[in-house]
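> For reference, the structure I am asking about is given below.
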Amino acid sequence: MRLSRRKILQITGSAASLPVLGSLAGLARAEGAIKTAAIYTVPVEQQWVSRIHKAALAAKERGDIEYTFSEKVANTDYERVMREYCEAGHQLIVGEAFAVEDAARAVAKDYPDRAFLIGSSFKPDAAVPNFAVFDNYIQDASYLTGMIAGAMTQKNNIGMVGGYPIPEVNRLMNAFMAGVKETKPDVKFQVAFIGSWFDPPKAKETAFAQVDAGADILYAERFGVSDAAKERKILAIGNVIDTQADYPETVVASALWHFEPTLDAAIKAIKDKAFKADDYGQYSFMKHGGCSLAPLGTFEGKVPADVMTKVKAREGEIKSGAVTVTIDDSEPKSS
């Protein structure tokens, strides 16, 4: 269900008739679904947000939550929309606060009887006990896609196009690059950021420039990059979602993010009356089912068998904890 800002205001106008939640411990109704609202600054089809939306729809289908959302909310409107959802009686607020961190935490302080599960670059703060943070720590799967990319490049030149050089992007790029170096140590990387979370034309143009500079594989951190790879008839590596169905001859491998473990852990904490300021980032790790390597699909059998044997072995080691992929949040550089 999509909730427009006008509709939010209509609901807010009758908020006084809604039951008041006395404390965070009383959030969940023992017999009912948790009233949940999500606030997104981009369209729900955008990679990162689509995974949160998918998990929320699954939780709604199970009956664990009631779910509504607002998309394409401007940063300048974010705080207001958060407050309106709180006033409308929503018990769990989900969203991302990467550009509105202070405002989001201020709202949480003003509504101590609501639970906030917010994407953030920062850690939880005991001073805001109802504000938990999460992030897409899918470096495990990104590393595995890097191993595959290293085996598939013929020019030893890989282009990488990201949105912004922030930790959430940097750690995935760095893990990918580390994976590449395991199977092809002498690869050159071209790294660029487009300064946007959703600008497919700009991402595509940036990718074209990298292909012109010799790249024969593109790391598609943003929409638009795989389109460039398809047009130039080279390969691409996907990120967060599996787009191979749209690019069957282009996307050879993808690192998938599964938000379900993160959301499910928060739902359980609320129902157990144990929700608190916590870091839910761990639930994106492969060992918790928070990320995976997408099936190779049309590229099954096209990646060298010896490399896939190494990939499967490394995957098993990551899941068991025998190997830990380094979390490197520093800005990746071209080489």
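Residues in the structure tokens are named by chain (A, B, ... in the order shown) and by number from 1 within that chain; ligands are numbered from 1 in the order shown.
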Could you give me, as a Markdown table, a per-residue list for segment 271-319 of chain A showing, wherever an atom lies at most 12 Å from an atom of segment 171-186 of chain A, the closest pair of atoms and their distance in Å to one decimal, using only C-alpha atoms and sorting by chain then residue number from low to high?

```
| residue | atom | partner | partner_atom | distance |
| --- | --- | --- | --- | --- |
| A:Cys291 | CA | A:Leu172 | CA | 11.8 |
| A:Pro304 | CA | A:Thr183 | CA | 11.0 |
| A:Asp306 | CA | A:Thr183 | CA | 10.4 |
| A:Val307 | CA | A:Thr183 | CA | 7.6 |
| A:Met308 | CA | A:Thr183 | CA | 10.7 |
| A:Thr309 | CA | A:Thr183 | CA | 11.9 |
| A:Lys310 | CA | A:Thr183 | CA | 9.2 |
| A:Val311 | CA | A:Gly179 | CA | 9.6 |
| A:Arg314 | CA | A:Gly179 | CA | 10.2 |
| A:Glu315 | CA | A:Gly179 | CA | 11.7 |
```
> Write a file of the just-selected residues containing C-alpha atoms, as a short mmCIF file (atom, residue, chain, number, x, y, z; two decimals), in the first residue's frame.

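Saved file result.cif follows:
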```
data_model
loop_
_atom_site.label_atom_id
_atom_site.label_comp_id
_atom_site.auth_asym_id
_atom_site.auth_seq_id
_atom_site.Cartn_x
_atom_site.Cartn_y
_atom_site.Cartn_z
CA CYS A 291 23.46 -12.08 1.51
CA PRO A 304 36.04 -21.77 -15.44
CA ASP A 306 38.37 -24.57 -11.25
CA VAL A 307 37.41 -21.03 -10.27
CA MET A 308 33.86 -22.05 -9.36
CA THR A 309 35.33 -24.80 -7.19
CA LYS A 310 37.35 -22.13 -5.36
CA VAL A 311 34.28 -19.89 -5.10
CA ARG A 314 35.35 -19.90 -0.11
CA GLU A 315 31.59 -19.56 0.29
#
```
> Please identify the alpha helix (DSSP H) residues within segment 257-312 of chain A (assignment by DSSP from backbone atoms) and present them as a PyMOL selection string.
chain A and resi 260-271+305-312
> Can you spit out the residues from that selection as a short mmCIF file (atom, residue, chain, number, x, y, z; two decimals), in the first residue's frame, using all heavy atoms?

```cif
data_model
loop_
_atom_site.label_atom_id
_atom_site.label_comp_id
_atom_site.auth_asym_id
_atom_site.auth_seq_id
_atom_site.Cartn_x
_atom_site.Cartn_y
_atom_site.Cartn_z
N GLU A 260 15.43 -9.75 4.86
CA GLU A 260 14.52 -10.50 5.72
C GLU A 260 15.11 -10.82 7.10
O GLU A 260 14.41 -10.61 8.12
CB GLU A 260 14.10 -11.80 5.02
CG GLU A 260 13.12 -11.60 3.88
CD GLU A 260 13.76 -11.16 2.57
OE1 GLU A 260 15.00 -10.95 2.55
OE2 GLU A 260 13.04 -11.02 1.57
N PRO A 261 16.35 -11.30 7.22
CA PRO A 261 16.88 -11.57 8.56
C PRO A 261 16.92 -10.33 9.45
O PRO A 261 16.69 -10.42 10.66
CB PRO A 261 18.29 -12.11 8.28
CG PRO A 261 18.20 -12.69 6.91
CD PRO A 261 17.29 -11.76 6.16
N THR A 262 17.21 -9.17 8.86
CA THR A 262 17.26 -7.93 9.63
C THR A 262 15.89 -7.55 10.15
O THR A 262 15.69 -7.29 11.35
CB THR A 262 17.81 -6.78 8.76
OG1 THR A 262 19.12 -7.12 8.29
CG2 THR A 262 17.88 -5.48 9.54
N LEU A 263 14.91 -7.52 9.26
CA LEU A 263 13.55 -7.15 9.66
C LEU A 263 12.96 -8.16 10.62
O LEU A 263 12.31 -7.80 11.61
CB LEU A 263 12.67 -6.99 8.42
CG LEU A 263 11.22 -6.58 8.68
CD1 LEU A 263 11.17 -5.24 9.40
CD2 LEU A 263 10.44 -6.51 7.37
N ASP A 264 13.19 -9.43 10.35
CA ASP A 264 12.62 -10.47 11.20
C ASP A 264 13.20 -10.39 12.62
O ASP A 264 12.48 -10.63 13.60
CB ASP A 264 12.88 -11.85 10.61
CG ASP A 264 12.10 -12.07 9.31
OD1 ASP A 264 11.24 -11.23 8.98
OD2 ASP A 264 12.37 -13.08 8.63
N ALA A 265 14.47 -10.05 12.73
CA ALA A 265 15.08 -9.91 14.05
C ALA A 265 14.46 -8.75 14.81
O ALA A 265 14.23 -8.83 16.02
CB ALA A 265 16.59 -9.70 13.91
N ALA A 266 14.17 -7.66 14.10
CA ALA A 266 13.54 -6.50 14.74
C ALA A 266 12.11 -6.83 15.17
O ALA A 266 11.68 -6.45 16.28
CB ALA A 266 13.54 -5.32 13.78
N ILE A 267 11.38 -7.52 14.32
CA ILE A 267 10.01 -7.92 14.67
C ILE A 267 10.00 -8.79 15.91
O ILE A 267 9.18 -8.60 16.82
CB ILE A 267 9.35 -8.66 13.47
CG1 ILE A 267 9.10 -7.68 12.33
CG2 ILE A 267 8.06 -9.34 13.90
CD1 ILE A 267 8.67 -8.35 11.03
N LYS A 268 10.91 -9.75 15.96
CA LYS A 268 11.00 -10.63 17.12
C LYS A 268 11.33 -9.84 18.38
O LYS A 268 10.75 -10.08 19.45
CB LYS A 268 12.06 -11.71 16.89
CG LYS A 268 12.16 -12.72 18.03
CD LYS A 268 13.20 -13.79 17.75
CE LYS A 268 13.18 -14.88 18.82
NZ LYS A 268 13.42 -14.33 20.18
N ALA A 269 12.27 -8.88 18.26
CA ALA A 269 12.65 -8.08 19.43
C ALA A 269 11.46 -7.28 19.95
O ALA A 269 11.25 -7.16 21.16
CB ALA A 269 13.80 -7.15 19.06
N ILE A 270 10.66 -6.73 19.03
CA ILE A 270 9.48 -5.97 19.44
C ILE A 270 8.47 -6.88 20.13
O ILE A 270 7.94 -6.56 21.20
CB ILE A 270 8.85 -5.27 18.23
CG1 ILE A 270 9.77 -4.16 17.72
CG2 ILE A 270 7.48 -4.68 18.59
CD1 ILE A 270 9.33 -3.52 16.42
N LYS A 271 8.22 -8.03 19.55
CA LYS A 271 7.25 -8.96 20.14
C LYS A 271 7.72 -9.49 21.48
O LYS A 271 6.91 -9.79 22.36
CB LYS A 271 6.98 -10.10 19.16
CG LYS A 271 6.18 -9.66 17.95
CD LYS A 271 5.80 -10.83 17.06
CE LYS A 271 4.88 -10.36 15.94
NZ LYS A 271 4.43 -11.48 15.07
N ALA A 305 35.67 -23.94 -14.44
CA ALA A 305 35.26 -24.87 -13.39
C ALA A 305 36.16 -24.80 -12.16
O ALA A 305 35.69 -24.90 -11.02
CB ALA A 305 35.25 -26.30 -13.95
N ASP A 306 37.47 -24.62 -12.39
CA ASP A 306 38.37 -24.57 -11.25
C ASP A 306 38.12 -23.34 -10.38
O ASP A 306 38.24 -23.39 -9.15
CB ASP A 306 39.83 -24.61 -11.71
CG ASP A 306 40.21 -23.41 -12.57
OD1 ASP A 306 39.36 -22.94 -13.35
OD2 ASP A 306 41.37 -22.94 -12.47
N VAL A 307 37.72 -22.25 -11.03
CA VAL A 307 37.41 -21.03 -10.27
C VAL A 307 36.12 -21.21 -9.48
O VAL A 307 36.04 -20.82 -8.31
CB VAL A 307 37.29 -19.82 -11.22
CG1 VAL A 307 36.77 -18.59 -10.46
CG2 VAL A 307 38.63 -19.51 -11.86
N MET A 308 35.11 -21.82 -10.08
CA MET A 308 33.86 -22.05 -9.36
C MET A 308 34.07 -23.00 -8.18
O MET A 308 33.42 -22.86 -7.14
CB MET A 308 32.80 -22.59 -10.29
CG MET A 308 32.22 -21.54 -11.24
SD MET A 308 31.68 -20.00 -10.40
CE MET A 308 30.48 -20.63 -9.23
N THR A 309 35.01 -23.92 -8.32
CA THR A 309 35.33 -24.80 -7.19
C THR A 309 35.91 -23.98 -6.04
O THR A 309 35.55 -24.18 -4.87
CB THR A 309 36.35 -25.88 -7.62
OG1 THR A 309 35.75 -26.69 -8.63
CG2 THR A 309 36.75 -26.75 -6.45
N LYS A 310 36.77 -23.02 -6.39
CA LYS A 310 37.35 -22.13 -5.36
C LYS A 310 36.27 -21.24 -4.74
O LYS A 310 36.27 -21.00 -3.53
CB LYS A 310 38.44 -21.26 -5.98
CG LYS A 310 39.69 -22.01 -6.41
CD LYS A 310 40.71 -21.06 -7.04
CE LYS A 310 41.95 -21.79 -7.50
NZ LYS A 310 42.93 -20.89 -8.16
N VAL A 311 35.36 -20.76 -5.59
CA VAL A 311 34.28 -19.89 -5.10
C VAL A 311 33.40 -20.66 -4.10
O VAL A 311 33.07 -20.15 -3.02
CB VAL A 311 33.42 -19.37 -6.27
CG1 VAL A 311 32.15 -18.71 -5.76
CG2 VAL A 311 34.22 -18.37 -7.11
N LYS A 312 33.02 -21.86 -4.45
CA LYS A 312 32.18 -22.67 -3.56
C LYS A 312 32.89 -22.98 -2.26
O LYS A 312 32.28 -22.97 -1.18
CB LYS A 312 31.78 -23.97 -4.27
CG LYS A 312 30.86 -23.78 -5.45
CD LYS A 312 29.54 -23.13 -5.04
CE LYS A 312 28.60 -22.98 -6.22
NZ LYS A 312 27.33 -22.30 -5.83
#
```
> Name the closest residue to Ile194 of chain A among the candidates A:Tyr67, A:Tyr111, A:Phe208, A:Tyr164; distances are taken between atoms, counting only C-alpha atoms.
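For Ile194 of chain A, the nearest of the candidates is A:Tyr164.
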> Would you please work out which residue, of A:Arg80, A:Trp197, A:Ser334, A:Phe223, is nearest to Met160 of chain A when using only C-alpha atoms?
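Ranked by minimum distance to Met160 of chain A, first place goes to A:Ser334.
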> Figure out the distance between atom CA of Gln190 of chain A and atom CA of Ser335 of chain A, please, to one decimal in Å.
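Atom CA of Gln190 of chain A lies 6.7 Å from atom CA of Ser335 of chain A.
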> Kindly give the distance, in Å, that separates atom CA of Tyr280 of chain A and atom CA of Leu92 of chain A, rounded to a single decimal.
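The value is 14.8 Å.
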> Would you mind telling me which residue in A:Ile241, A:Ile234, A:Val225, A:Val252 lies nearest to Pro200 of chain A when using only C-alpha atoms?
A:Val225
> Pick from A:Glu45, A:Glu66, A:Glu249, A:Asp278: nearest to Val133 of chain A, with only C-alpha atoms counted?
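Of all the options, A:Asp278 lies closest to Val133 of chain A.
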> Do a neighbour search on Ser196 of chain A at 10 Å with only C-alpha atoms, toss out local chain neighbours closer than 4 positions, and write the hits as a PyMOL selection string.
chain A and resi 162-164+200+202-203+222
> Could you check the closest approach to Met82 of chain A for each of A:Thr243, A:Thr41, A:Ser254, A:Ser121 and tell me which residue wins, using only C-alpha atoms?
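Of the candidates, the smallest distance to Met82 of chain A is held by A:Thr41.
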> Near Asn157 of chain A, counting only C-alpha atoms, which residues have an atom at most 8 Å away, once you skip same-chain residues fewer than 2 positions from it, shown as a VMD selection string?
chain A and resid 153 to 155 159 187 to 190 214 to 217
> Using C-alpha atoms, can you write the selected residues to a file as a PDB file, in the first residue's frame?

```
ATOM      1  CA  THR A 153      38.229 -10.522 -17.568  1.00  0.00           C
ATOM      2  CA  GLN A 154      40.463 -10.885 -20.599  1.00  0.00           C
ATOM      3  CA  LYS A 155      41.876  -7.368 -20.671  1.00  0.00           C
ATOM      4  CA  GLY A 159      35.311  -0.543 -14.510  1.00  0.00           C
ATOM      5  CA  VAL A 187      43.882  -6.404 -12.708  1.00  0.00           C
ATOM      6  CA  LYS A 188      43.541  -2.645 -13.252  1.00  0.00           C
ATOM      7  CA  PHE A 189      40.481  -0.953 -11.729  1.00  0.00           C
ATOM      8  CA  GLN A 190      38.730   2.196 -12.940  1.00  0.00           C
ATOM      9  CA  GLY A 214      39.755  -0.503 -21.822  1.00  0.00           C
ATOM     10  CA  ALA A 215      37.372  -2.113 -19.308  1.00  0.00           C
ATOM     11  CA  ASP A 216      35.876  -5.426 -20.407  1.00  0.00           C
ATOM     12  CA  ILE A 217      33.856  -6.034 -17.220  1.00  0.00           C
TER      13      ILE A 217
END
```
> Name the residues of segment 90-332 of chain A that come out as strand (DSSP E or B) in a backbone DSSP run; write them as number ranges by chain.
A: 92-96, 115-119, 131-134, 157-162, 188-193, 217-220, 235-240, 251-257, 279, 291-293
